[in-house]
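Have a look at the structure below before the remarks.
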Amino acid sequence: MNHFAELLDRLAFEPRRNAKLRLMEDFFHTTPDPERGYALAALTGGLSFRNAKPGLVRALIAERTDPVLFALSYDYVGDLSETVALMWPAPAPGGAGHNAAPPRLSDVVEGLSQTAKTELPGLMARWLDALDETGRWALLKLITGSLRIGVSARLAKTAVAALGGVDPNAVEELWHGLSPPYEPLFAWLEGRAERPESLVVAPFRPPMLSHPLDEEEFSRLDPADFCAEWKWDGIRIQAVRELTADGRRVVRLYSRTGEDITASFPDLCEDLLAQEAFVGTIDGELLVLRAGRVESFNVLQQRLNRKAITPRLMQEFPAHIRAYDLLAEGGEDLRPLPFVERRRRLEALVARLAGRRVDLSPLVPFASWEELAMARARPGEAGAGIDAEAVEGVMLKRRDSPYVPGRPKGLWYKWKHDPHLVDAVLMYAQRGHGRRSSYYSDYTFGLWRSGPEGDELVPVGKAYFGFTDEELKELDRFVRRETVNRFGPVREVIHTGERGLVLEVAFEGVQQSTRHKSGIAMRFPRINRIRWDKPPREADRLDTLARLLPRGERATTKAGKT
Amino acid sequence: MRKAREKKPAPGFRQGESEGLGSRRLKERAASDYLRFMQARDILSLTPAGLYCPLADVHIDPLRPVPRALITHGHSDHARAGHGAVLATAETLAIMAARYGESFCGSAQAVRYGERVTLGPVGVTFLPAGHVLGSAQILLEAGGLRVVVSGDYKRAGDPTCPPFEPVRCDVFITEATFGLPVFRHPDAGGEIDKLLRSLALFPERAHLLGAYPLGKAQRLVALMRQRGYDRPVYLHGAMERLMQLYEAFGIPLGDLRRVEPGSRESLAGAVVLCPPGALQDLWARRFPDPVTAFASGWMRVRARARQRGVELPLVVSDHAGWDELCSTIRETGASEVWVTHGAEEALVHWCTREGLAARPLHMLGYGDDEAEAEAVAETAGAEPAA
């Protein structure tokens with residue numbers, strides 16, 4: 001655990017990608033099995049411990065420390081795991097737990113999965129006693145599931161791949177046949193064993209991603225080289241249906257990062273299992289369709305991340321796949337083929353499918369960039385019809401592009417809709433965490449509406465990014481200077497019609513919310529610009545947001561009142 | 001620096017008397033019976049210039065020029081220029097002379113650790129504080145009452161200065177730079193190992209190591225040498241003088257070289273010591289793919305390290321951590337504790353819980369060097385602790 005803790009510690013501070021890779025490579029190279037395998041699982045988000053909750057950690061530290069000293073310390077450090085890791089009192093010499101051997105990572109992983117909930121506090125306390133500050137920090141971060149060390153699963157796999165000098169995608173494609181502590185993988189990479197191929201029946205194939213289109217690039221691109229299709233506002237998904245050696249049918253659904261999400265969509269799975277015409281891999285968008293109409297992302301979200309997948313949930317939010325591409329068919333890898341050829345195969349396949357869960361994402365016809373710009377501005381009139389609200393832009397794909405995992409240059413572009421903008425007034429600010437714990441970096445902003453005593457501001461959202469470091473300093477200074485009230489870590493800043501700060505907030509859409517006083521929640525809000533020049537009186541009104549609500553949600557929102 | 005040590009006794013101070021502490025104390029007790037019931041504040045009070053002893057008419061670590069000053073150690077926030085007469089250890093006087101020039105005060109008098117000087121009715125003794133070369137705690141005795149001003153101190157071992165000596169006293173006036181229970185400084189050797197491991201893993205990168213030029217820098221080099229690192233250590237120009245001063249006082253630091261203009265590109269895999277401020281300076285450019293390291297007790301808290309853009313934080317402190325503050329207070333046997341600067345609130349709370357009378361002095365102006373002062377100011381400007 002100490003070795004792993006030191007790795008996490010170094011990774012957390014190291015900003016350079018290559019240095020992170022080197023640190024991980026060195027770790028995988030010098031750490032024995034199964035420790036390095038569990039570390040790989042931790043770095044790729046493959047470990048989860050259901051019973052270890054922050055509440056348990058709070059209870060343990062409360063038993064051991066003075067509440068005043070804990071409060072002062074937590075306030076200073078700003079992070080619960082770190083505060084506990086640093087404050088945890090060392091066992092007294094001669095007492096229980098003094099100089100106990102620190103647990104190995106494998107002890108922790110096995111201990112947490114095999115220990116009953118009631119015995120967990122005692123076990124945790126023994127581990128915390130035996131570890132040093134860095135070890136405790138790593139343990140607490142690990143079990144509460146928030147490593148936040150700036151390492152993606154992809155980067156960790158890249159480091160492992162480097163161990164055997166293979167392409168990271170080779171590891172990616174094996175990944176789902178493997179499980180922690182990945183001993184066959186390490187054995188293969190170190191040349192001690194064969195590639196563990198047979199384990200993967202329905203493998204994940206790393207998806208091809210696009211670059212945002214810089215509109216100035218149009219002059220250099222020939223429309224004749226490209227196909228266009230809608231960019232659907234759902235979840236990118238990969239559906240794999242394969243047959244095992246003994247003829248069993250296997251279906252797997254993967255997210256774009258390779259997470260196996262099969263279990264969340266039994267409805268879709270059942271449909272796919274029955275599709276005897278389909279053996280292969282489809283790249284598409286996961287969407288909720290009701291009566292043949294694509295629902296908004298807000299609706300899809302209600303289907304996602306649910307613990308229990310009930311029949312009612314599946315009935316209310318039926319999952320569909322809108323197919324973009326075909327990566328493999330009948331054991332043949334289609335990825336080297338040009339896009340138009342894969343598209344032809346995909347169209348033929350979808351035509352053969354019997355169910356109603358998979359359909360084809362239509363191409364958008366265009367002869368010039370102007371024509372495509374029109375389609376992007378009005379998808380409803382350019383073929384998207386009633387589904388227009390679920391379109392978030394257009395995709396451009398070179399006709400001759402092979403399917404290249406990752407984000408290759410010059411092949412695929414996304415041309416998204418411009419974000420919505422609203423001028424809101426800063427109302428409250430809260431200190432950030434981690435790197436920003438000495439700055440007021442979380443901003444709650446509001447819009448005007450008419451109240452019983454004239455116009456009033458109502459909070460509509462919160463944003464904590466979109467500004468530069470320099471702007472953060474200015475915002476922080478403004479907050480400290482213009483504070484009118486304090487509530488714990490939150491400061492209320494002046495916000496009258498005449499005095500206050502207007503923030504131009506960019507966001508992707510709105511939805512109804514019972515959690516917000518305004519009845520509306522913004523999707524993906526961020527500070528676009530600071531309007532030092534604009535008097536708060538001239539900021540936008542709540543109606544502006546309410547008009548953006550999708551049909552059907554509009555009537556029921558409280559915002560309608562204003 | 002020899003000169004400083006041989007200076008004639010300052011007119012401001014009486015000739016020191018080197019007598020055993022114990023016998024002297026008994027004698028004085030008998031002689032000054034009337035002082036018996038005096039209180040700590042009769043010996044020491046807080047004035048705008050800092051701690052002041054009216055009986056001896058002398059300030060301790062004054063923040064502005066005064067006629068007579070006792071100086072605990074050479075850090076610029078404690079040892080300022082421009083006083084009339086200064087009493088301090090020879091090392092501290094030498095450091096002040098190196099920093100401010102030979103005429104940093106009207107007259108300087110050197111005192112040895114353990115040597116007792118009488119100033120009026122007050123006995124003054126300097127004792128090792130273990131903070132930096134020459135650092136001292138100051139024991140004031142009058143009317144049977146013993147008051148110790150700790151200055152800055154630490155309890156961890158340091159090859160560059162003698163260890164802290166706990167002194168029994170009635171009133172202990174302590175610092176609390178790291179007066180929160182999250183500050184538990186690890187073994188410094190282990191932190192040096194982190195640096196050495198990074199050098200082995202990234203031999204093509206220069207390792208820029210930010211450290212306070214007085215004390216921390218020399219301790220780091222000495223610790224590296226103890227662990228067998230015998231390659232040259234490169235120095236920012238601002239580091240050189242105090243390195244030489246330490247060596248003149250008999251502390252070997254091995255092969256030290258100044259970073260010459262135009263030589264940066266060739267320093268791959270080298271350790272380069274610089275003042276913390278230089279890490280973000282133009283000076284730090286053009287080193288080969290530098291690893292930014294910083295050795296300080298503040299590095300214990302991750303947000304602090306990230307704010308400074310530190311990639312390799314080394315938790316090495318020349319101040320007492322929380323456990324050391326608490327155990328030191330216990331060891332002194334003091335029934336009253338004053339906290340000069342740092343995180344006073346938590347330490348005062350702890351003392352009160354221990355049944356000790358404690359008061360925060362809220363002294364501004366202290367805080368180790370410019371960089372630490374900056375960090376302290378930042379905390380002070382943040383939300384008042386709930």
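Residues are named by chain letter and number: chains run A, B, ... in the order of the structure tokens, numbers start at 1 in each chain, and ligands are numbered from 1 in the order shown.
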Residues of chain A near chain B: apply a cut-off of 10 Å, count only C-alpha atoms, and supply the list as a CSV table (one decimal) with N, CA and C atoms, in the first residue's frame.
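Printed below is selection27.csv as written:
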chain,number,residue,atom,x,y,z
A,6,GLU,N,2.6,6.1,-2.6
A,6,GLU,CA,3.6,7.1,-3.1
A,6,GLU,C,3.4,7.4,-4.6
A,9,ASP,N,0.5,9.8,-4.9
A,9,ASP,CA,1.0,11.1,-4.4
A,9,ASP,C,1.8,11.8,-5.5
A,10,ARG,N,2.7,11.1,-6.1
A,10,ARG,CA,3.5,11.7,-7.2
A,10,ARG,C,2.6,12.0,-8.4
A,11,LEU,N,1.7,11.1,-8.7
A,11,LEU,CA,0.8,11.4,-9.9
A,11,LEU,C,-0.1,12.6,-9.7
A,12,ALA,N,-0.5,12.8,-8.4
A,12,ALA,CA,-1.4,13.9,-8.1
A,12,ALA,C,-0.8,15.2,-8.4
A,13,PHE,N,0.6,15.3,-8.2
A,13,PHE,CA,1.3,16.6,-8.3
A,13,PHE,C,1.9,16.7,-9.7
A,14,GLU,N,2.0,15.7,-10.5
A,14,GLU,CA,2.7,15.7,-11.7
A,14,GLU,C,1.8,16.1,-12.9
A,15,PRO,N,2.0,17.3,-13.5
A,15,PRO,CA,1.1,17.7,-14.5
A,15,PRO,C,1.4,17.1,-15.9
A,16,ARG,N,2.7,16.7,-16.1
A,16,ARG,CA,3.0,16.2,-17.4
A,16,ARG,C,2.6,14.8,-17.7
A,19,ALA,N,5.5,12.3,-17.9
A,19,ALA,CA,6.1,12.0,-16.6
A,19,ALA,C,5.1,11.1,-15.8
A,22,ARG,N,5.7,7.7,-17.1
A,22,ARG,CA,6.9,7.1,-16.7
A,22,ARG,C,6.8,6.6,-15.2
A,23,LEU,N,6.1,7.4,-14.4
A,23,LEU,CA,5.9,7.0,-13.0
A,23,LEU,C,5.1,5.7,-12.9
A,26,ASP,N,7.2,2.7,-14.3
A,26,ASP,CA,8.2,2.3,-13.3
A,26,ASP,C,7.5,1.5,-12.2
A,65,THR,N,-10.6,12.4,17.9
A,65,THR,CA,-10.0,13.8,17.9
A,65,THR,C,-11.0,14.7,18.6
A,66,ASP,N,-10.5,15.8,19.1
A,66,ASP,CA,-11.2,16.9,19.7
A,66,ASP,C,-12.0,17.6,18.6
A,68,VAL,N,-13.2,20.6,18.2
A,68,VAL,CA,-12.8,21.9,17.9
A,68,VAL,C,-11.5,21.8,17.0
A,69,LEU,N,-10.6,21.0,17.4
A,69,LEU,CA,-9.4,20.9,16.6
A,69,LEU,C,-9.7,20.3,15.2
A,70,PHE,N,-10.6,19.4,15.2
A,70,PHE,CA,-11.0,18.8,13.9
A,70,PHE,C,-11.6,19.8,13.0
A,71,ALA,N,-12.5,20.6,13.5
A,71,ALA,CA,-13.2,21.7,12.7
A,71,ALA,C,-12.1,22.7,12.2
A,72,LEU,N,-11.2,23.1,13.1
A,72,LEU,CA,-10.2,24.1,12.6
A,72,LEU,C,-9.3,23.4,11.5
A,73,SER,N,-9.0,22.2,11.7
A,73,SER,CA,-8.1,21.5,10.7
A,73,SER,C,-8.8,21.3,9.4
A,74,TYR,N,-10.1,20.9,9.4
A,74,TYR,CA,-10.9,20.6,8.2
A,74,TYR,C,-11.0,21.9,7.5
A,75,ASP,N,-11.3,23.0,8.2
A,75,ASP,CA,-11.5,24.3,7.6
A,75,ASP,C,-10.2,24.7,6.8
A,76,TYR,N,-9.1,24.4,7.4
A,76,TYR,CA,-7.8,24.8,6.8
A,76,TYR,C,-7.4,23.9,5.6
A,77,VAL,N,-7.6,22.6,5.8
A,77,VAL,CA,-7.2,21.7,4.7
A,77,VAL,C,-8.2,21.6,3.6
A,78,GLY,N,-9.5,21.6,3.9
A,78,GLY,CA,-10.6,21.7,2.9
A,78,GLY,C,-10.9,20.4,2.2
A,79,ASP,N,-10.4,19.3,2.7
A,79,ASP,CA,-10.7,18.0,2.1
A,79,ASP,C,-10.8,17.0,3.2
A,82,GLU,N,-8.2,14.0,3.3
A,82,GLU,CA,-6.8,14.5,3.6
A,82,GLU,C,-6.7,15.0,5.1
A,83,THR,N,-7.8,15.6,5.6
A,83,THR,CA,-7.8,16.1,7.0
A,83,THR,C,-7.6,14.8,7.9
A,84,VAL,N,-8.4,13.8,7.6
A,84,VAL,CA,-8.4,12.6,8.4
A,84,VAL,C,-7.0,12.0,8.3
A,85,ALA,N,-6.5,11.9,7.1
A,85,ALA,CA,-5.2,11.2,6.9
A,85,ALA,C,-4.1,11.9,7.7
A,86,LEU,N,-4.2,13.3,7.8
A,86,LEU,CA,-3.2,14.0,8.5
A,86,LEU,C,-3.4,14.0,10.0
A,87,MET,N,-4.6,14.0,10.4
A,87,MET,CA,-4.9,14.2,11.9
A,87,MET,C,-4.9,12.9,12.6
A,88,TRP,N,-5.1,11.8,11.9
A,88,TRP,CA,-5.2,10.5,12.5
A,88,TRP,C,-4.1,10.3,13.6
A,89,PRO,N,-4.5,10.1,14.8
A,89,PRO,CA,-3.4,10.0,15.8
A,89,PRO,C,-2.7,8.6,15.7
A,132,ASP,N,1.2,5.5,7.1
A,132,ASP,CA,1.6,6.8,7.4
A,132,ASP,C,0.6,7.8,6.7
A,133,GLU,N,0.9,9.1,6.8
A,133,GLU,CA,0.0,10.1,6.3
A,133,GLU,C,-0.4,9.9,4.8
A,134,THR,N,0.6,9.6,4.0
A,134,THR,CA,0.4,9.4,2.6
A,134,THR,C,-0.4,8.2,2.3
A,431,ARG,N,-16.0,29.2,-1.3
A,431,ARG,CA,-14.6,28.8,-1.6
A,431,ARG,C,-14.5,27.4,-2.2
A,433,HIS,N,-12.4,23.9,-3.5
A,433,HIS,CA,-11.6,22.9,-2.8
A,433,HIS,C,-10.3,22.6,-3.5
A,434,GLY,N,-9.5,21.8,-2.8
A,434,GLY,CA,-8.2,21.5,-3.4
A,434,GLY,C,-7.4,22.7,-3.8
A,435,ARG,N,-6.9,22.7,-5.1
A,435,ARG,CA,-6.1,23.8,-5.5
A,435,ARG,C,-6.7,25.2,-5.3
A,436,ARG,N,-8.0,25.2,-5.2
A,436,ARG,CA,-8.7,26.5,-5.1
A,436,ARG,C,-9.2,26.8,-3.7
A,437,SER,N,-8.6,26.1,-2.7
A,437,SER,CA,-9.3,26.2,-1.4
A,437,SER,C,-9.1,27.6,-0.8
A,438,SER,N,-8.2,28.4,-1.3
A,438,SER,CA,-8.1,29.8,-0.8
A,438,SER,C,-8.8,30.8,-1.7
A,439,TYR,N,-9.5,30.3,-2.7
A,439,TYR,CA,-10.2,31.3,-3.6
A,439,TYR,C,-11.7,31.0,-3.5
A,440,TYR,N,-12.5,32.1,-3.6
A,440,TYR,CA,-13.9,32.0,-3.8
A,440,TYR,C,-14.1,31.7,-5.3
A,480,ARG,N,-14.5,39.2,-2.0
A,480,ARG,CA,-14.0,39.6,-0.7
A,480,ARG,C,-14.3,41.1,-0.4
A,486,ARG,N,-22.2,36.5,5.6
A,486,ARG,CA,-21.5,35.2,5.6
A,486,ARG,C,-22.3,34.1,6.1
A,488,GLY,N,-21.2,30.4,7.0
A,488,GLY,CA,-20.2,29.4,6.9
A,488,GLY,C,-19.2,29.7,5.8
A,489,PRO,N,-19.0,28.7,4.9
A,489,PRO,CA,-18.0,29.0,3.8
A,489,PRO,C,-18.6,29.8,2.7
A,490,VAL,N,-19.9,30.2,2.8
A,490,VAL,CA,-20.5,30.9,1.7
A,490,VAL,C,-20.6,32.4,2.0
A,491,ARG,N,-20.3,33.2,1.0
A,491,ARG,CA,-20.4,34.7,1.2
A,491,ARG,C,-21.5,35.2,0.2
If you run DSSP on the backbone, which residues of range 293-436 of chain A are alpha helix (DSSP H), as a ChimeraX atom specification?
/A:297-301,311-316,339-352,369-377
Just list the residues in range 375-496 of chain A DSSP gives strand (DSSP E or B) on the backbone, as a VMD selection string.
chain A and resid 391 to 398 406 412 to 416 420 to 431 440 to 451 454 to 463 483 to 487 490 to 493
For the residues in the current selection, export C-alpha atoms as a CSV table (one decimal), in the first residue's frame.
chain,number,residue,atom,x,y,z
A,391,VAL,CA,-29.9,17.2,-32.4
A,392,GLU,CA,-26.9,19.0,-31.0
A,393,GLY,CA,-25.1,19.7,-34.2
A,394,VAL,CA,-23.7,17.9,-37.2
A,395,MET,CA,-20.9,15.5,-37.7
A,396,LEU,CA,-18.6,15.6,-40.7
A,397,LYS,CA,-16.9,12.4,-41.7
A,398,ARG,CA,-14.4,12.0,-44.6
A,406,GLY,CA,-8.7,7.7,-30.6
A,412,TRP,CA,-14.0,13.5,-38.5
A,413,TYR,CA,-15.3,16.9,-37.2
A,414,LYS,CA,-18.1,17.9,-35.0
A,415,TRP,CA,-19.9,21.1,-35.6
A,416,LYS,CA,-22.0,21.7,-32.6
A,420,HIS,CA,-27.0,29.5,-25.0
A,421,LEU,CA,-26.0,32.6,-23.3
A,422,VAL,CA,-27.6,34.5,-20.5
A,423,ASP,CA,-26.5,37.5,-18.4
A,424,ALA,CA,-26.9,36.7,-14.7
A,425,VAL,CA,-26.1,38.4,-11.5
A,426,LEU,CA,-23.6,37.0,-9.0
A,427,MET,CA,-25.4,36.4,-5.7
A,428,TYR,CA,-23.2,34.0,-3.6
A,429,ALA,CA,-19.7,32.7,-3.7
A,430,GLN,CA,-18.2,29.7,-2.0
A,431,ARG,CA,-14.6,28.8,-1.6
A,440,TYR,CA,-13.9,32.0,-3.8
A,441,SER,CA,-14.3,30.0,-7.0
A,442,ASP,CA,-17.9,28.6,-6.9
A,443,TYR,CA,-20.5,31.2,-8.0
A,444,THR,CA,-24.2,31.1,-7.6
A,445,PHE,CA,-26.0,33.5,-10.0
A,446,GLY,CA,-29.5,34.7,-10.4
A,447,LEU,CA,-32.0,36.2,-12.9
A,448,TRP,CA,-34.6,38.8,-12.3
A,449,ARG,CA,-38.3,38.1,-11.9
A,450,SER,CA,-41.2,40.1,-10.5
A,451,GLY,CA,-41.9,39.5,-6.9
A,454,GLY,CA,-41.0,44.6,-7.3
A,455,ASP,CA,-38.2,42.9,-9.2
A,456,GLU,CA,-36.1,40.4,-7.3
A,457,LEU,CA,-33.2,38.1,-8.2
A,458,VAL,CA,-33.8,34.3,-8.0
A,459,PRO,CA,-30.8,31.9,-8.0
A,460,VAL,CA,-30.8,29.8,-11.2
A,461,GLY,CA,-27.5,28.0,-11.1
A,462,LYS,CA,-23.9,27.6,-10.0
A,463,ALA,CA,-20.7,27.6,-12.1
A,483,THR,CA,-19.4,40.7,0.8
A,484,VAL,CA,-22.6,41.6,2.6
A,485,ASN,CA,-23.2,38.4,4.5
A,486,ARG,CA,-21.5,35.2,5.6
A,487,PHE,CA,-23.0,31.8,6.0
A,490,VAL,CA,-20.5,30.9,1.7
A,491,ARG,CA,-20.4,34.7,1.2
A,492,GLU,CA,-23.4,36.7,-0.1
A,493,VAL,CA,-22.2,39.5,-2.3
Name the closest residue to Ala202 in chain A among the candidates A:Glu119, A:Asp540, A:Asp260, A:Glu215; distances are taken between atoms, counting only C-alpha atoms.
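Comparing A:Glu119, A:Asp540, A:Asp260, A:Glu215 against Ala202 in chain A, the winner is A:Asp260.
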I want to know what sits within 8 Å of Val147 in chain B, based on only C-alpha atoms, with residues of the same chain fewer than 4 positions away left out; could you give that as a ChimeraX atom specification?
/B:40,43,139-141,169-173
Include N, CA, C and O atoms and write out the residues we just selected as an mmCIF file, in the first residue's frame.
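Here's the written file part_2.cif:
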data_model
loop_
_atom_site.group_PDB
_atom_site.id
_atom_site.type_symbol
_atom_site.label_atom_id
_atom_site.label_comp_id
_atom_site.auth_asym_id
_atom_site.auth_seq_id
_atom_site.Cartn_x
_atom_site.Cartn_y
_atom_site.Cartn_z
ATOM 1 N N ALA B 40 4.190 37.259 35.418
ATOM 2 C CA ALA B 40 4.890 37.156 34.150
ATOM 3 C C ALA B 40 4.865 38.488 33.402
ATOM 4 O O ALA B 40 5.843 38.893 32.785
ATOM 5 N N ILE B 43 7.610 40.857 33.950
ATOM 6 C CA ILE B 43 8.869 40.538 33.276
ATOM 7 C C ILE B 43 8.770 40.820 31.785
ATOM 8 O O ILE B 43 9.714 41.290 31.164
ATOM 9 N N LEU B 139 15.843 32.493 28.105
ATOM 10 C CA LEU B 139 15.274 32.311 29.446
ATOM 11 C C LEU B 139 15.463 33.608 30.225
ATOM 12 O O LEU B 139 16.584 34.141 30.313
ATOM 13 N N LEU B 140 14.370 34.133 30.768
ATOM 14 C CA LEU B 140 14.431 35.338 31.602
ATOM 15 C C LEU B 140 14.056 34.933 33.022
ATOM 16 O O LEU B 140 13.026 34.294 33.226
ATOM 17 N N GLU B 141 14.922 35.297 33.983
ATOM 18 C CA GLU B 141 14.631 34.956 35.375
ATOM 19 C C GLU B 141 14.617 36.219 36.204
ATOM 20 O O GLU B 141 15.558 37.012 36.149
ATOM 21 N N CYS B 169 10.129 25.986 33.187
ATOM 22 C CA CYS B 169 9.819 27.403 33.390
ATOM 23 C C CYS B 169 8.374 27.562 33.844
ATOM 24 O O CYS B 169 7.594 26.613 33.827
ATOM 25 N N ASP B 170 8.049 28.777 34.273
ATOM 26 C CA ASP B 170 6.690 29.070 34.720
ATOM 27 C C ASP B 170 5.817 29.511 33.552
ATOM 28 O O ASP B 170 4.644 29.185 33.462
ATOM 29 N N VAL B 171 6.452 30.306 32.683
ATOM 30 C CA VAL B 171 5.714 30.811 31.528
ATOM 31 C C VAL B 171 6.510 30.455 30.283
ATOM 32 O O VAL B 171 7.704 30.735 30.204
ATOM 33 N N PHE B 172 5.823 29.824 29.326
ATOM 34 C CA PHE B 172 6.487 29.455 28.075
ATOM 35 C C PHE B 172 5.827 30.237 26.949
ATOM 36 O O PHE B 172 4.611 30.203 26.778
ATOM 37 N N ILE B 173 6.673 30.982 26.241
ATOM 38 C CA ILE B 173 6.141 31.787 25.143
ATOM 39 C C ILE B 173 6.562 31.111 23.848
ATOM 40 O O ILE B 173 7.741 31.083 23.508
#
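A straight line drawn from CA of Gly280 in chain A to CA of Leu326 in chain A is 7.7 Å long.
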Please list as a VMD selection string every residue within 10 Å of Cys274 in chain B, counting only C-alpha atoms and excluding residues in the same chain fewer than 3 positions away.
chain B and resid 208 to 213 217 234 to 240 259 271 277 to 279 283 to 284 294
For Ser327 in chain B, please output as a list in words all residues within 12 Å (counting only C-alpha atoms; exclusion window: fewer than 2 positions along the same chain).
Lys154, Arg155, Pro166, Ala320, Gly321, Trp322, Asp323, Glu324, Leu325, Ile329, Arg330, Glu331, Thr332, Gly333, Ala334, Leu347, Trp350, Cys351 and Glu354 of chain B
Report the distance between CA of Val364 in chain A and CA of Phe339 in chain A in Å, rounded to one decimal place.
14.8 Å
Nearest to Ala323 in chain A, chosen from A:Phe28, A:Phe4, A:Trp230, A:Phe366, with only C-alpha atoms counted in the distances
A:Trp230
Nearest residue to Arg241 in chain A from the set A:Glu259, A:Asp271, A:Glu474, A:Asp543 (distances using only C-alpha atoms):
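Using only C-alpha atoms, the shortest distance to Arg241 in chain A belongs to A:Asp271.
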From the set B:Leu361, B:Val117, B:Ala270, B:Val167, which residue has the shortest atom-to-atom contact distance to Arg257 in chain B, counting only C-alpha atoms?
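Nearest to Arg257 in chain B: B:Ala270.
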Residue nearest Gly130 in chain B among B:Pro360, B:Gly355, B:Pro162, B:Gly82 (counting only C-alpha atoms)
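Of all the options, B:Pro162 lies closest to Gly130 in chain B.
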Shell around Leu501 in chain A at 10 Å using only C-alpha atoms, local window under 4 positions removed, as a count of residues only:
21
CA of Leu63 in chain B to CA of Leu356 in chain B, distance in Å rounded to a single decimal:
28.1 Å
